[in-house]
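K.L.:
Structure file model-v2.cif (mmCIF, C-alpha atoms) right here:
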data_target
loop_
_atom_site.label_atom_id
_atom_site.label_comp_id
_atom_site.auth_asym_id
_atom_site.auth_seq_id
_atom_site.Cartn_x
_atom_site.Cartn_y
_atom_site.Cartn_z
CA ASP C 1 -147.44 -85.61 11.97
CA VAL C 2 -147.65 -85.43 15.76
CA ASP C 3 -150.06 -82.47 15.87
CA GLY C 4 -152.49 -83.46 13.12
CA ASP C 5 -151.93 -80.45 10.85
CA GLY C 6 -151.14 -82.57 7.81
CA ILE C 7 -147.43 -81.68 7.75
CA ALA C 8 -144.78 -84.20 8.73
CA ASP C 9 -142.80 -83.45 11.89
CA MET C 10 -139.40 -84.64 13.07
CA ALA C 11 -138.20 -86.24 16.32
CA VAL C 12 -134.45 -86.27 16.95
CA GLY C 13 -132.85 -88.40 19.66
CA ALA C 14 -129.83 -87.30 21.68
CA PRO C 15 -129.18 -90.31 23.95
CA GLN C 16 -126.22 -88.82 25.81
CA GLU C 17 -127.73 -85.39 26.33
CA ALA C 18 -127.35 -83.99 29.84
CA ALA C 19 -130.75 -82.83 31.08
CA GLY C 20 -132.46 -81.63 34.21
CA SER C 21 -132.39 -78.52 36.35
CA GLY C 22 -132.13 -77.45 39.96
CA GLY C 23 -129.42 -79.73 41.27
CA GLY C 24 -127.71 -79.70 37.90
CA PRO C 25 -127.84 -81.76 34.71
CA VAL C 26 -128.15 -85.53 34.73
CA VAL C 27 -125.23 -86.92 32.71
CA ARG C 28 -126.21 -89.02 29.68
CA GLU C 29 -129.86 -89.03 30.69
CA GLY C 30 -130.85 -88.50 27.07
CA ALA C 31 -133.46 -86.36 25.37
CA VAL C 32 -135.63 -86.18 22.25
CA PHE C 33 -136.19 -82.92 20.40
CA LEU C 34 -139.44 -82.40 18.45
CA PHE C 35 -139.44 -80.08 15.45
CA LEU C 36 -142.74 -79.22 13.76
CA GLY C 37 -142.91 -79.36 9.97
CA GLY C 38 -143.64 -76.32 7.83
CA ASP C 39 -140.71 -74.20 8.95
CA LEU C 40 -137.51 -75.69 7.59
CA GLU C 41 -135.46 -72.84 9.06
CA ALA C 42 -136.58 -73.42 12.65
CA THR C 43 -133.60 -73.87 14.96
CA GLU C 44 -135.48 -74.16 18.25
CA PRO C 45 -137.42 -77.37 18.98
CA TYR C 46 -141.17 -77.22 19.47
CA ARG C 47 -140.84 -79.49 22.47
CA LEU C 48 -138.08 -81.18 24.45
CA LEU C 49 -138.77 -84.63 25.89
CA ASP C 50 -136.46 -85.52 28.79
CA ASN C 51 -136.17 -88.95 30.31
CA PRO C 52 -139.25 -88.92 32.57
CA THR C 53 -137.35 -90.64 35.39
CA GLY C 54 -134.29 -88.39 35.17
CA GLN C 55 -132.10 -91.47 35.12
CA ARG C 56 -128.39 -91.30 34.43
CA ASP C 57 -126.87 -93.40 31.60
CA ALA C 58 -130.29 -94.61 30.40
CA ASN C 59 -129.61 -93.64 26.75
CA PHE C 60 -133.13 -92.25 26.38
CA GLY C 61 -133.53 -91.42 22.69
CA LEU C 62 -131.08 -93.96 21.30
CA ALA C 63 -133.98 -95.28 19.22
CA VAL C 64 -136.95 -93.15 18.10
CA ALA C 65 -139.94 -94.13 15.97
CA GLY C 66 -143.24 -92.57 14.96
CA GLY C 67 -146.65 -94.01 14.11
CA ASP C 68 -150.29 -93.92 15.17
CA VAL C 69 -150.43 -96.69 17.78
CA ASP C 70 -153.76 -95.58 19.31
CA GLY C 71 -155.71 -95.22 16.06
CA ASP C 72 -156.79 -91.59 16.48
CA GLY C 73 -155.32 -90.46 13.17
CA ILE C 74 -152.41 -88.54 14.72
CA ALA C 75 -148.89 -89.95 14.87
CA ASP C 76 -147.33 -90.82 18.21
CA VAL C 77 -143.70 -90.71 19.31
CA ILE C 78 -142.01 -93.86 20.61
CA VAL C 79 -138.68 -93.54 22.43
CA GLY C 80 -136.31 -96.30 23.48
CA ALA C 81 -134.09 -96.08 26.57
CA PRO C 82 -132.22 -99.39 26.34
CA GLN C 83 -130.14 -98.99 29.50
CA GLN C 84 -133.01 -97.81 31.69
CA ARG C 85 -133.20 -99.42 35.11
CA SER C 86 -136.56 -100.48 36.46
CA GLY C 87 -137.83 -101.08 39.97
CA ALA C 88 -136.89 -99.43 43.25
CA ASP C 89 -133.19 -98.82 43.89
CA ALA C 90 -132.74 -102.00 45.90
CA ASP C 91 -134.48 -104.12 43.29
CA ALA C 92 -133.47 -102.22 40.16
CA VAL C 93 -132.77 -104.29 37.07
CA VAL C 94 -129.72 -102.64 35.48
CA GLY C 95 -129.81 -102.23 31.70
CA GLU C 96 -133.21 -103.87 31.40
CA GLY C 97 -134.46 -101.18 29.04
CA THR C 98 -137.72 -99.29 28.68
CA VAL C 99 -139.83 -97.88 25.86
CA PHE C 100 -141.85 -94.69 26.35
CA VAL C 101 -144.88 -93.79 24.21
CA TYR C 102 -146.02 -90.18 23.78
CA LEU C 103 -149.43 -89.98 22.14
CA GLY C 104 -149.91 -87.26 19.54
CA SER C 105 -152.73 -84.72 19.67
CA ARG C 106 -153.78 -81.41 18.11
CA ALA C 107 -151.56 -79.78 20.71
CA GLY C 108 -148.72 -82.22 20.08
CA PRO C 109 -147.39 -84.85 22.50
CA GLN C 110 -147.26 -84.05 26.18
CA ARG C 111 -143.94 -83.82 27.99
CA ARG C 112 -144.74 -86.90 30.08
CA PRO C 113 -145.22 -90.32 28.43
CA ASP C 114 -148.73 -91.73 28.13
CA VAL C 115 -147.52 -95.33 28.17
CA THR C 116 -144.39 -96.86 29.71
CA VAL C 117 -143.36 -100.33 28.54
CA ASP C 118 -140.71 -102.17 30.55
CA ASN C 119 -138.75 -105.17 29.33
CA PRO C 120 -141.31 -108.03 29.48
CA ALA C 121 -138.62 -110.42 30.72
CA ASP C 122 -137.20 -108.04 33.37
CA GLN C 123 -133.77 -109.14 32.26
CA LEU C 124 -130.47 -107.67 33.40
CA PHE C 125 -128.73 -105.94 30.46
CA GLY C 126 -131.40 -107.02 27.96
CA PHE C 127 -131.23 -103.55 26.34
CA PHE C 128 -134.94 -103.62 25.48
CA GLY C 129 -135.64 -100.61 23.26
CA GLN C 130 -132.24 -100.42 21.59
CA ALA C 131 -134.03 -100.80 18.26
CA LEU C 132 -137.57 -99.82 17.26
CA GLY C 133 -139.28 -100.87 14.07
CA ARG C 134 -141.62 -98.45 12.35
CA PRO C 135 -145.05 -99.21 13.87
CA ALA C 136 -147.09 -101.45 11.57
CA ASP C 137 -150.29 -103.46 11.82
CA VAL C 138 -148.79 -106.93 12.19
CA ASN C 139 -151.99 -108.59 13.43
CA GLY C 140 -154.46 -106.99 11.04
CA ASP C 141 -156.75 -105.36 13.63
CA GLY C 142 -156.42 -101.84 12.23
CA PHE C 143 -154.03 -100.55 14.92
CA LEU C 144 -150.31 -100.08 14.38
CA ASP C 145 -148.18 -102.25 16.64
CA LEU C 146 -144.79 -101.85 18.28
CA VAL C 147 -141.82 -104.03 17.31
CA VAL C 148 -139.02 -103.68 19.86
CA GLY C 149 -135.53 -105.16 19.77
CA ALA C 150 -133.67 -106.37 22.87
CA PRO C 151 -130.39 -107.51 21.27
CA SER C 152 -128.64 -108.55 24.48
CA GLN C 153 -131.56 -110.59 25.77
CA GLU C 154 -130.72 -114.11 26.89
CA SER C 155 -132.88 -117.18 26.32
CA GLY C 156 -133.00 -120.75 27.54
CA GLU C 157 -132.36 -122.15 30.99
CA GLY C 158 -129.27 -123.19 32.95
CA ASP C 159 -126.39 -124.54 30.86
CA ASP C 160 -128.43 -124.04 27.68
CA ARG C 161 -128.83 -120.32 28.25
CA ALA C 162 -127.62 -118.30 25.24
CA THR C 163 -125.89 -115.04 26.24
CA SER C 164 -126.80 -111.98 24.14
CA GLU C 165 -128.75 -114.14 21.72
CA GLY C 166 -131.28 -111.35 21.27
CA THR C 167 -135.06 -111.17 21.19
CA VAL C 168 -137.70 -109.12 19.39
CA PHE C 169 -140.93 -108.29 21.23
CA ILE C 170 -144.26 -107.34 19.64
CA LEU C 171 -146.83 -105.23 21.46
CA PHE C 172 -150.20 -104.70 19.80
CA GLY C 173 -151.58 -101.19 19.47
CA GLY C 174 -155.03 -100.27 20.75
CA ALA C 175 -157.28 -97.33 21.57
CA SER C 176 -155.03 -96.46 24.53
CA GLY C 177 -151.80 -97.42 22.82
CA PRO C 178 -149.76 -100.57 23.55
CA ARG C 179 -150.10 -102.55 26.75
CA SER C 180 -148.18 -101.46 29.83
CA ASP C 181 -148.84 -104.42 32.13
CA GLY C 182 -145.35 -105.86 31.78
CA GLY C 183 -146.24 -108.45 29.15
CA ALA C 184 -145.82 -108.75 25.39
CA ASP C 185 -148.20 -109.98 22.68
CA GLY C 186 -145.48 -111.73 20.69
CA GLU C 187 -141.86 -112.75 21.09
CA ILE C 188 -139.29 -113.86 18.51
CA ASP C 189 -136.02 -115.35 19.72
CA ASN C 190 -132.94 -115.69 17.54
CA PRO C 191 -133.86 -118.69 15.33
CA THR C 192 -130.32 -120.10 15.55
CA ASP C 193 -130.08 -119.69 19.36
CA GLN C 194 -126.62 -118.26 18.81
CA ALA C 195 -124.77 -116.66 21.71
CA ARG C 196 -123.74 -113.07 20.94
CA GLY C 197 -125.92 -113.03 17.84
CA PHE C 198 -127.44 -109.72 19.00
CA PHE C 199 -130.63 -110.55 17.13
CA GLY C 200 -132.89 -107.49 17.02
CA SER C 201 -130.21 -104.80 16.91
CA GLY C 202 -131.86 -103.43 13.79
CA LEU C 203 -135.49 -103.66 12.71
CA ALA C 204 -137.46 -102.97 9.56
CA VAL C 205 -141.12 -103.74 8.92
CA ARG C 206 -142.74 -103.31 5.55
CA VAL C 207 -145.94 -101.48 6.39
CA GLU C 208 -147.93 -102.67 3.35
CA ASP C 209 -147.93 -106.27 4.52
CA ALA C 210 -145.85 -106.82 7.62
CA ARG C 211 -147.20 -110.35 8.07
CA GLU C 212 -145.48 -111.45 4.88
CA ASP C 213 -142.61 -109.03 4.58
CA SER C 214 -140.92 -108.53 7.94
CA THR C 215 -137.14 -108.39 8.10
CA MET C 216 -134.85 -108.09 11.11
CA TRP C 217 -131.10 -107.78 11.33
CA ALA C 218 -128.66 -108.58 14.11
CA SER C 219 -125.66 -106.31 14.29
CA ARG C 220 -123.06 -105.08 16.71
CA GLY C 221 -120.67 -102.20 16.34
CA PRO C 222 -119.92 -100.45 13.04
CA ALA C 223 -121.19 -101.67 9.69
CA ARG C 224 -118.11 -103.75 8.97
CA ASP C 225 -118.93 -105.91 12.01
CA LEU C 226 -122.41 -106.88 10.85
CA GLU C 227 -123.40 -110.39 11.84
CA GLU C 228 -126.13 -112.38 10.19
CA GLY C 229 -129.63 -112.57 11.65
CA ARG C 230 -132.99 -113.76 10.39
CA ALA C 231 -136.70 -113.61 11.19
#
Take the structure in the file and write it out as structure tokens.
P.N.:
Amino acid sequence: DVDGDGIADMAVGAPQEAAGSGGGPVVREGAVFLFLGGDLEATEPYRLLDNPTGQRDANFGLAVAGGDVDGDGIADVIVGAPQQRSGADADAVVGEGTVFVYLGSRAGPQRRPDVTVDNPADQLFGFFGQALGRPADVNGDGFLDLVVGAPSQESGEGDDRATSEGTVFILFGGASGPRSDGGADGEIDNPTDQARGFFGSGLAVRVEDAREDSTMWASRGPARDLEEGRA
């Protein structure tokens, strides 16, 4: 319920949508379409959220989640863009990944994100934001928190570095939403330190008691190629 009217709304991701205007569409920029509840026959979205940076091949909208991360009683929209580049062109980190947070209000979310969360590790091809868990209060402070998968994240140093091991990041919610200072409040690496484990490709958090009942899967490709993961 992103506009606080008591009726559930729907956010639909289209990660390879061409968007933009003027000079022409940006190929595979990605978009998220918001449909307000109450009118099941509506064919036009209430609001279209484009990638705020207009970046090609970012896969904005590959993962979408909803939950009240700022504690105002209105659900917010969280959008993953796992192949988003960060930094200026010369220093851009390719495929680092970014998560955008659009805070809900009586007028619905704005077209520009209220909070932008970059990959805390600034890692090349980490694909931060490829999976988003349903926001849940994992630290018991009354605010719903973000759980973000970066399944291609590497860990370790030098010869012990595990390629595409995968990492899950936790960012606590607050009155202004999650932090945007480049850090994370929690980090879970693949417990087996297995290369190409893709830990964090899928996320599920049981809202009733996330501290006792969190589950995460690592997967790659279609369902038949599922690989084991644990948390």
K.L.:
Return the single residue from C:Gly200, C:Gly149, C:Gly126, C:Pro178 that is closest to C:Glu96, with distances computed using only C-alpha atoms.
P.N.:
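Of the candidates, the smallest distance to C:Glu96 is held by C:Gly126.
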K.L.:
Which neighbours of stretch 51-62 of chain C fall inside 8 Å, counting all atoms listed in the file, when residues of the same chain fewer than 3 positions from it are skipped, and could you give them as a list in words?
P.N.:
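Contacts, with the query itself left out: Val12, Gly13, Ala14, Pro15, Gln16, Ala19, Gly20, Val26, Val27, Arg28, Glu29, Gly30, Ala31, Val32, Val79, Gly80, Ala81, Pro82, Gln83, Gln84, Arg85, Gly95, Gly97, Arg112, Pro113 and Gln130 of chain C.
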K.L.:
Since I can't run it myself right now, could you work out what the PyMOL selection byres ((chain C and resi 194) around 9) selects here and report it as a list in words?
P.N.:
Ala162, Thr163, Ser164, Glu165, Gly166, Asn190, Pro191, Thr192, Asp193, Ala195, Arg196, Gly197, Phe198 and Phe199 of chain C
K.L.:
Which is closer to C:Gly202 than all the others in C:Ser155, C:Tyr102, C:Val168, C:Ala131, using all atoms listed in the file?
P.N.:
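Using all atoms listed in the file, the shortest distance to C:Gly202 belongs to C:Ala131.
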K.L.:
Which of these, C:Asp189, C:Glu44, C:Asp181, C:Asp70, has the shortest distance to C:Asn119 once you count all atoms listed in the file?
P.N.:
C:Asp181
K.L.:
What is the atom CA of C:Met10-atom CA of C:Leu34 distance in Å, reported with one decimal?
P.N.:
5.8 Å
K.L.:
Please expand the PyMOL selection byres ((chain C and resi 35) around 10) into the concrete residues it hits in this file, giving the result as a PyMOL selection string.
P.N.:
chain C and resi 2+8-12+32-34+36-40+42-48
K.L.:
Convert the output of the PyMOL selection byres ((chain C and resi 177) around 10) on the shown file into explicit residues, formatted as a ChimeraX atom specification.
P.N.:
/C:68-72,76,101-103,114-115,143-146,171-176,178-180
K.L.:
Rounded to one decimal place, report the atom CA of C:Ser105-atom CA of C:Gly4 distance in Å.
P.N.:
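Computing the Euclidean distance for atom CA of C:Ser105 and atom CA of C:Gly4 yields 6.7 Å.
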K.L.:
Return the single residue from C:Ile170, C:Asp122, C:Gly66, C:Ala150 that is closest to C:Pro109, with distances computed using all atoms listed in the file.
P.N.:
C:Gly66
K.L.:
Just to confirm, what's the straight-line distance from atom CA of C:Gly108 to atom CA of C:Ala18 in Å (one decimal)?
P.N.:
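Computed distance, atom CA of C:Gly108 to atom CA of C:Ala18, equals 23.6 Å.
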K.L.:
Tell me, as a list in words, which residues lie within 8 Å of C:Gly133, counting all atoms listed in the file; anything in the same chain fewer than 4 positions away does not count.
P.N.:
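What passes the distance filter is Ala65, Leu146, Val147, Val148, Gly202, Leu203, Ala204 and Val205 of chain C.
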K.L.:
Taking all atoms listed in the file into account, which of C:Gly104, C:Gly140, C:Pro120, C:Gly6 comes nearest C:Gly186?
P.N.:
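With all atoms listed in the file as the atom set, the closest residue is C:Pro120.
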K.L.:
Please extract stretch 12-70 of chain C and write it out with C-alpha atoms, as a short mmCIF file (atom, residue, chain, number, x, y, z; two decimals), in the first residue's frame.
P.N.:
data_model
loop_
_atom_site.label_atom_id
_atom_site.label_comp_id
_atom_site.auth_asym_id
_atom_site.auth_seq_id
_atom_site.Cartn_x
_atom_site.Cartn_y
_atom_site.Cartn_z
CA VAL C 12 6.06 -4.66 -11.64
CA GLY C 13 9.67 -4.71 -12.80
CA ALA C 14 10.70 -4.67 -16.45
CA PRO C 15 14.52 -4.84 -16.27
CA GLN C 16 15.15 -4.70 -20.02
CA GLU C 17 12.65 -1.96 -20.75
CA ALA C 18 13.92 0.79 -23.04
CA ALA C 19 13.24 4.16 -21.42
CA GLY C 20 14.04 7.82 -21.83
CA SER C 21 13.11 10.57 -24.24
CA GLY C 22 14.68 13.32 -26.30
CA GLY C 23 17.71 11.59 -27.74
CA GLY C 24 15.84 8.31 -27.86
CA PRO C 25 15.30 5.34 -25.56
CA VAL C 26 18.07 3.89 -23.42
CA VAL C 27 18.34 0.19 -24.26
CA ARG C 28 17.78 -2.18 -21.33
CA GLU C 29 17.77 0.67 -18.83
CA GLY C 30 14.87 -0.95 -17.02
CA ALA C 31 11.71 0.38 -15.44
CA VAL C 32 9.18 -0.35 -12.69
CA PHE C 33 5.45 0.15 -13.23
CA LEU C 34 3.23 1.00 -10.24
CA PHE C 35 -0.43 -0.01 -10.32
CA LEU C 36 -2.76 1.19 -7.56
CA GLY C 37 -5.11 -1.32 -5.98
CA GLY C 38 -8.88 -1.01 -6.16
CA ASP C 39 -9.22 -1.08 -9.93
CA LEU C 40 -8.39 -4.55 -11.19
CA GLU C 41 -9.19 -3.54 -14.77
CA ALA C 42 -6.66 -0.71 -14.91
CA THR C 43 -4.30 -1.12 -17.84
CA GLU C 44 -2.32 2.10 -17.43
CA PRO C 45 0.19 2.35 -14.56
CA TYR C 46 -0.29 4.98 -11.88
CA ARG C 47 3.39 5.82 -12.08
CA LEU C 48 6.42 4.77 -14.11
CA LEU C 49 9.79 4.65 -12.35
CA ASP C 50 12.73 4.85 -14.76
CA ASN C 51 16.32 4.21 -13.80
CA PRO C 52 17.18 7.58 -12.24
CA THR C 53 20.62 7.60 -13.89
CA GLY C 54 19.36 6.61 -17.33
CA GLN C 55 22.02 3.93 -17.47
CA ARG C 56 22.13 1.32 -20.21
CA ASP C 57 22.15 -2.40 -19.29
CA ALA C 58 21.66 -1.70 -15.57
CA ASN C 59 18.72 -4.14 -15.26
CA PHE C 60 16.81 -1.69 -13.08
CA GLY C 61 13.74 -3.58 -11.84
CA LEU C 62 15.20 -7.09 -11.97
CA ALA C 63 14.31 -7.33 -8.27
CA VAL C 64 11.46 -5.40 -6.62
CA ALA C 65 10.28 -5.48 -3.01
CA GLY C 66 7.87 -3.51 -0.85
CA GLY C 67 7.77 -2.68 2.85
CA ASP C 68 7.72 0.25 5.27
CA VAL C 69 11.43 0.89 5.82
CA ASP C 70 10.98 4.38 7.31
#
